[in-house]
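Chemist: Structure incoming, see below.
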Amino acid sequence: MNTFSIAIHGGAGTLVKGMMTPELETQYKEALKNALDKGYAILKNGGTSTEAVEIAVVELENSHLFNAGKGAVFTADETHEMDASIMEGKSLNAGAVSLITGIKNPISLAKDVMENSEHVFLAGNGAMQFAKKMNYSLEDETYFYDKLRHQQWIEIKDTDSFQLDHSVKKDSKFGTVGAVACDKEGNIAAATSTGGMTNKRYGRVGDSPMIGAGNYANNKTCAISCTGSGEFFIRGVVAYDVSCLMEHKAMSLKDASEEVINKRILEIKGDGGLIAVDAKGNIAMPFNTEGMYRASKSSNGEEEVSIYKN
Ligand code: ASP
């Protein structure tokens, strides 16, 4: 039997100094552990990597702590526009949605695009029409309201700036969530979901729903979910770049992901991190920020739930 494993993230970066309390740190770790355990249980019971990454991301979307689903940040119009994507490494099937509103679990809609449409990427009104066809019910704005996110928006709403979760770039925290998994059959999958950036406008879309940039899976190489400054991750085609280094340069999962996060993306001033697995169940979780909310568990007995650098 193949070693099976799962890794998840709740965004790279750290909370602004003074905001992280021991109680809050415990809450973050509990939320990560809960999502990790849910995903791992699926793999342990013989479920697929696709099922495992979806369930783990759903759990993170349902927590107000992360910038995805329930905790999504506010746009310039005081609304929420969410993006998500999912990909399977065996078939290279993929599904993605962007600029959607009112959907409790954007990752499930992305999975429906993959499984129940002829398409890969649906956006805005069209994605909402598809959700209606698939019988999704809509949550009202109060479901997505979070006091901290609203305060962050109020601080910059009359400016042209748009921000990740926190106002000072150097202390920025990216709250996107993601999961990657390798199942007992050796099939891998990746899922990513985000609310994007506070005060975003003009239909801004980051890397998270873009196959190859924020999310990618290929059994030949790796499954990747990214978090960080989306504009840079799009330009660096980060997730696919890790895969390319493994496929064309025969680099290991660890070396390829380190090369991209701690060298290539830094060269264009991108900050963030990623989680990765390969079809042998190996895991890598590099980041170039102060911390990254992350957790991983493998059938070989290894388990980690961390925020800051070890
Ligand atoms: N990558 C996401 C975006 O740019 C942000 C994040 O990772 O939190 O939309």
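Ordered as shown in the structure tokens, chains take letters A, B, and onward, while each chain numbers its residues from 1 and ligands are numbered from 1 in the order shown.
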Return as a PyMOL selection string the residues of protein, DNA or RNA that approach ligand 1 to within 7 Å, with only C-alpha atoms and all ligand atoms taken into account.
Modeler: chain A and resi 11-12+67+164+174-176+194-197+205-208+214+226-231
Chemist: Per residue of region 56-81 of chain A within 9 Å of region 23-47 of chain A, which atom pair is closest and at what distance in Å (one decimal), using only C-alpha atoms, listed by chain and increasing number, as a Markdown table?
Modeler:
```
| residue | atom | partner | partner_atom | distance |
| --- | --- | --- | --- | --- |
| A:Ala56 | CA | A:Ala35 | CA | 4.7 |
| A:Val57 | CA | A:Ala35 | CA | 7.2 |
| A:Val58 | CA | A:Ala35 | CA | 8.1 |
| A:Glu59 | CA | A:Ala35 | CA | 5.3 |
| A:Leu60 | CA | A:Ala35 | CA | 6.3 |
| A:Ser63 | CA | A:Ala31 | CA | 7.3 |
| A:Leu65 | CA | A:Tyr28 | CA | 7.1 |
| A:Phe66 | CA | A:Tyr28 | CA | 8.8 |
```
Chemist: Hey, can you check how far CA of Arg294 (chain A) sits from CA of Cys182 (chain A)?
Modeler: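 Those two atoms sit 16.6 Å apart.
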Chemist: Which residues are near Ile154 (chain A)? Cut-off 10 Å, only C-alpha atoms, ignore same chain within fewer than 6 positions. Put them as a list in words.
Modeler: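 Contacts, with the query itself left out: Phe74, Ala76, Glu78, Leu148, Thr198 and Asn199 of chain A.
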Chemist: Using only C-alpha atoms, which protein or nucleic acid residues come within 12 Å of Leu122 (chain A)? Drop anything in the same chain fewer than 2 positions from it, and give the result as a VMD selection string.
Modeler: chain A and resid 83 to 85 94 to 100 106 109 to 114 117 to 120 124 to 131 209 to 210
Chemist: Residues of the last selection are to be written out with N, CA, C and O atoms, as a short mmCIF file (atom, residue, chain, number, x, y, z; two decimals), in the first residue's frame.
Modeler:
```
data_model
loop_
_atom_site.label_atom_id
_atom_site.label_comp_id
_atom_site.auth_asym_id
_atom_site.auth_seq_id
_atom_site.Cartn_x
_atom_site.Cartn_y
_atom_site.Cartn_z
N ASP A 83 -12.98 32.98 -4.67
CA ASP A 83 -12.37 32.20 -5.76
C ASP A 83 -11.95 30.84 -5.21
O ASP A 83 -11.50 30.75 -4.07
N ALA A 84 -12.03 29.80 -6.04
CA ALA A 84 -11.57 28.47 -5.59
C ALA A 84 -11.22 27.60 -6.78
O ALA A 84 -11.73 27.82 -7.90
N SER A 85 -10.36 26.62 -6.54
CA SER A 85 -10.05 25.66 -7.61
C SER A 85 -9.65 24.31 -7.02
O SER A 85 -9.20 24.22 -5.88
N ALA A 94 -9.78 19.36 -13.82
CA ALA A 94 -9.74 20.50 -12.92
C ALA A 94 -11.03 21.30 -13.00
O ALA A 94 -11.74 21.24 -14.01
N GLY A 95 -11.33 22.02 -11.93
CA GLY A 95 -12.49 22.90 -11.90
C GLY A 95 -12.16 24.14 -11.10
O GLY A 95 -11.43 24.06 -10.11
N ALA A 96 -12.69 25.29 -11.54
CA ALA A 96 -12.39 26.54 -10.83
C ALA A 96 -13.55 27.51 -10.95
O ALA A 96 -14.29 27.49 -11.94
N VAL A 97 -13.69 28.35 -9.92
CA VAL A 97 -14.69 29.43 -9.96
C VAL A 97 -14.04 30.70 -9.43
O VAL A 97 -13.12 30.65 -8.60
N SER A 98 -14.51 31.85 -9.93
CA SER A 98 -14.03 33.10 -9.35
C SER A 98 -15.15 34.12 -9.31
O SER A 98 -16.16 33.98 -10.02
N LEU A 99 -14.97 35.13 -8.43
CA LEU A 99 -15.92 36.24 -8.28
C LEU A 99 -17.32 35.74 -7.94
O LEU A 99 -18.31 36.26 -8.45
N ILE A 100 -17.39 34.72 -7.08
CA ILE A 100 -18.71 34.23 -6.68
C ILE A 100 -19.10 34.81 -5.32
O ILE A 100 -18.23 35.15 -4.51
N PRO A 106 -17.20 27.50 -1.61
CA PRO A 106 -16.74 27.67 -3.00
C PRO A 106 -15.98 26.46 -3.56
O PRO A 106 -16.06 26.16 -4.75
N LEU A 109 -18.27 24.04 -5.22
CA LEU A 109 -18.72 24.51 -6.53
C LEU A 109 -17.63 24.28 -7.59
O LEU A 109 -17.92 23.84 -8.70
N ALA A 110 -16.38 24.53 -7.19
CA ALA A 110 -15.26 24.26 -8.13
C ALA A 110 -15.25 22.77 -8.49
O ALA A 110 -15.03 22.40 -9.66
N LYS A 111 -15.48 21.91 -7.50
CA LYS A 111 -15.49 20.46 -7.76
C LYS A 111 -16.66 20.11 -8.69
O LYS A 111 -16.53 19.25 -9.58
N ASP A 112 -17.79 20.78 -8.51
CA ASP A 112 -18.92 20.53 -9.41
C ASP A 112 -18.61 20.98 -10.84
O ASP A 112 -19.05 20.35 -11.80
N VAL A 113 -17.87 22.07 -10.97
CA VAL A 113 -17.46 22.51 -12.32
C VAL A 113 -16.63 21.39 -12.96
O VAL A 113 -16.83 21.01 -14.13
N MET A 114 -15.72 20.82 -12.17
CA MET A 114 -14.86 19.74 -12.68
C MET A 114 -15.68 18.51 -13.05
O MET A 114 -15.47 17.91 -14.11
N SER A 117 -19.61 19.72 -15.40
CA SER A 117 -19.70 20.67 -16.53
C SER A 117 -18.67 20.28 -17.57
O SER A 117 -17.77 19.47 -17.30
N GLU A 118 -18.78 20.89 -18.73
CA GLU A 118 -17.82 20.63 -19.81
C GLU A 118 -16.62 21.56 -19.67
O GLU A 118 -15.74 21.55 -20.52
N HIS A 119 -16.63 22.39 -18.63
CA HIS A 119 -15.66 23.47 -18.56
C HIS A 119 -14.68 23.30 -17.41
O HIS A 119 -14.84 22.43 -16.57
N VAL A 120 -13.70 24.19 -17.37
CA VAL A 120 -12.74 24.18 -16.27
C VAL A 120 -12.94 25.39 -15.36
O VAL A 120 -12.86 25.27 -14.14
N GLY A 124 -17.94 34.81 -12.09
CA GLY A 124 -18.99 35.81 -11.89
C GLY A 124 -20.40 35.30 -12.08
O GLY A 124 -20.76 34.24 -11.56
N ASN A 125 -21.22 36.07 -12.82
CA ASN A 125 -22.63 35.73 -13.00
C ASN A 125 -22.82 34.33 -13.57
O ASN A 125 -23.73 33.61 -13.17
N GLY A 126 -21.97 33.96 -14.50
CA GLY A 126 -22.09 32.64 -15.12
C GLY A 126 -21.89 31.53 -14.09
O GLY A 126 -22.62 30.54 -14.06
N ALA A 127 -20.89 31.72 -13.23
CA ALA A 127 -20.63 30.73 -12.18
C ALA A 127 -21.83 30.65 -11.23
O ALA A 127 -22.20 29.56 -10.77
N MET A 128 -22.45 31.81 -10.97
CA MET A 128 -23.62 31.83 -10.08
C MET A 128 -24.81 31.12 -10.74
O MET A 128 -25.59 30.45 -10.07
N GLN A 129 -24.94 31.28 -12.06
CA GLN A 129 -26.03 30.57 -12.76
C GLN A 129 -25.82 29.06 -12.68
O GLN A 129 -26.74 28.28 -12.48
N PHE A 130 -24.56 28.67 -12.82
CA PHE A 130 -24.22 27.24 -12.72
C PHE A 130 -24.54 26.73 -11.31
O PHE A 130 -25.11 25.64 -11.14
N ALA A 131 -24.21 27.54 -10.29
CA ALA A 131 -24.51 27.14 -8.90
C ALA A 131 -26.01 26.94 -8.72
O ALA A 131 -26.45 25.99 -8.06
N PRO A 209 -7.63 30.61 -7.93
CA PRO A 209 -8.44 29.79 -8.83
C PRO A 209 -7.72 29.46 -10.14
O PRO A 209 -8.31 28.80 -11.01
N MET A 210 -6.50 29.93 -10.30
CA MET A 210 -5.81 29.74 -11.59
C MET A 210 -4.97 28.47 -11.58
O MET A 210 -3.99 28.36 -10.85
#
```
Chemist: Region 116-206 of chain A near region 238-247 of chain A within 12 Å: what's each residue's closest atom pair and its distance in Å to one decimal, counting only C-alpha atoms, ordered by chain then ascending residue number, as JSON lines?
Modeler:
```
{"residue": "A:Val180", "atom": "CA", "partner": "A:Ala239", "partner_atom": "CA", "distance": 11.9}
{"residue": "A:Ala190", "atom": "CA", "partner": "A:Ala239", "partner_atom": "CA", "distance": 10.3}
{"residue": "A:Ala191", "atom": "CA", "partner": "A:Ala239", "partner_atom": "CA", "distance": 11.8}
{"residue": "A:Thr192", "atom": "CA", "partner": "A:Ala239", "partner_atom": "CA", "distance": 11.5}
```
Chemist: Could you jot down the CA of Phe287 (chain A) to CA of Asn262 (chain A) separation for me, Å, one decimal place?
Modeler: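 Distance reported for this atom pair: 7.2 Å.
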Chemist: Could you tell me how far CA of Cys222 (chain A) sits from CA of Lys254 (chain A), in Å to one decimal place?
Modeler: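 If I compute the distance from CA of Lys254 (chain A) to CA of Cys222 (chain A), I get 10.4 Å.
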Chemist: With only C-alpha atoms as the atoms that count, which of A:Ser298, A:Ser49, A:Thr142, A:Asn105 lies nearest to Thr79 (chain A)?
Modeler: A:Thr142
Chemist: Rank nothing, just name the residue among A:Gly236, A:Gly186, A:Gly10, A:Gly71 nearest to Val277 (chain A), using only C-alpha atoms.
Modeler: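 That would be A:Gly186, the residue with the smallest distance to Val277 (chain A).
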Chemist: Write out as a VMD selection string all residues of region 42-242 of chain A that backbone DSSP assigns to helix (DSSP H, G or I).
Modeler: chain A and resid 42 to 44 49 to 61 69 to 71 106 to 116 124 to 133 141 to 144 147 to 156 169 to 171 230 to 235 238 to 242
Chemist: Residues at most 10 Å from Lys309 (chain A), counting only C-alpha atoms, excluding those fewer than 3 positions away in the same chain, as a ChimeraX atom specification?
Modeler: /A:286-292,306
Chemist: Just to be explicit: take each residue in the selection above, keep N, CA, C and O atoms, and write the result as a compact mmCIF listing (two decimals), in the first residue's frame.
Modeler:
```
# COMPACT_ATOMS: atom_id res chain seq x y z
N PRO A 286 7.14 24.80 2.21
CA PRO A 286 8.04 25.97 2.34
C PRO A 286 7.28 27.29 2.31
O PRO A 286 6.21 27.39 1.72
N PHE A 287 7.84 28.32 2.98
CA PHE A 287 7.27 29.66 2.90
C PHE A 287 8.40 30.66 3.13
O PHE A 287 9.39 30.35 3.78
N ASN A 288 8.24 31.88 2.56
CA ASN A 288 9.29 32.89 2.73
C ASN A 288 8.81 34.05 3.60
O ASN A 288 9.42 35.12 3.60
N THR A 289 7.70 33.86 4.30
CA THR A 289 7.16 34.84 5.25
C THR A 289 7.55 34.39 6.66
O THR A 289 8.15 33.33 6.81
N GLU A 290 7.14 35.19 7.65
CA GLU A 290 7.49 34.82 9.03
C GLU A 290 6.85 33.53 9.47
O GLU A 290 7.38 32.79 10.30
N GLY A 291 5.68 33.27 8.94
CA GLY A 291 4.99 32.05 9.33
C GLY A 291 4.02 31.62 8.26
O GLY A 291 3.82 32.32 7.25
N MET A 292 3.43 30.45 8.42
CA MET A 292 2.36 29.98 7.54
C MET A 292 1.52 29.02 8.39
O MET A 292 2.05 28.10 9.00
N SER A 306 1.61 23.73 12.76
CA SER A 306 2.52 24.84 13.09
C SER A 306 2.06 26.15 12.50
O SER A 306 1.30 26.18 11.52
```
Chemist: Using DSSP assignments from the backbone, pull out every residue in region 41-191 of chain A that falls under strand (DSSP E) and give it to me as a PyMOL selection string.
Modeler: chain A and resi 82-88+94-100+121-123+177-182+188-191
Chemist: Using the selection just defined, write its residues with C-alpha atoms as a JSON list (two decimals), in the first residue's frame.
Modeler:
```json
[["chain", "number", "residue", "atom", "x", "y", "z"],
["A", 82, "MET", "CA", -14.61, 34.36, -3.57],
["A", 83, "ASP", "CA", -12.37, 32.20, -5.76],
["A", 84, "ALA", "CA", -11.57, 28.47, -5.59],
["A", 85, "SER", "CA", -10.05, 25.66, -7.61],
["A", 86, "ILE", "CA", -9.46, 21.92, -7.44],
["A", 87, "MET", "CA", -7.37, 19.54, -9.55],
["A", 88, "GLU", "CA", -6.81, 15.77, -9.78],
["A", 94, "ALA", "CA", -9.74, 20.50, -12.92],
["A", 95, "GLY", "CA", -12.49, 22.90, -11.90],
["A", 96, "ALA", "CA", -12.39, 26.54, -10.83],
["A", 97, "VAL", "CA", -14.69, 29.43, -9.96],
["A", 98, "SER", "CA", -14.03, 33.10, -9.35],
["A", 99, "LEU", "CA", -15.92, 36.24, -8.28],
["A", 100, "ILE", "CA", -18.71, 34.23, -6.68],
["A", 121, "PHE", "CA", -13.21, 27.78, -15.13],
["A", 122, "LEU", "CA", -16.49, 29.65, -14.55],
["A", 123, "ALA", "CA", -16.57, 33.27, -13.34],
["A", 177, "VAL", "CA", -6.82, 28.04, 2.58],
["A", 178, "GLY", "CA", -5.72, 24.93, 0.75],
["A", 179, "ALA", "CA", -5.15, 21.19, 0.94],
["A", 180, "VAL", "CA", -3.09, 18.63, -0.96],
["A", 181, "ALA", "CA", -3.31, 14.87, -0.50],
["A", 182, "CYS", "CA", -1.98, 11.54, -1.69],
["A", 188, "ILE", "CA", -2.82, 13.11, -5.67],
["A", 189, "ALA", "CA", -5.07, 16.19, -5.67],
["A", 190, "ALA", "CA", -4.96, 19.88, -4.73],
["A", 191, "ALA", "CA", -7.63, 22.37, -3.62]]
```
Chemist: Go through A:Asn310, A:Ser252, A:Ser193, A:Thr101 and flag the residue nearest Asn62 (chain A), using only C-alpha atoms for the distances.
Modeler: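 Answer, going by the shortest atom-to-atom distance: A:Ser193.
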Chemist: With distances taken over only C-alpha atoms, which residue among A:Asp255, A:Asn187, A:Ile261, A:Glu141 lies nearest Ala217 (chain A)?
Modeler: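 Closest candidate: A:Asn187.
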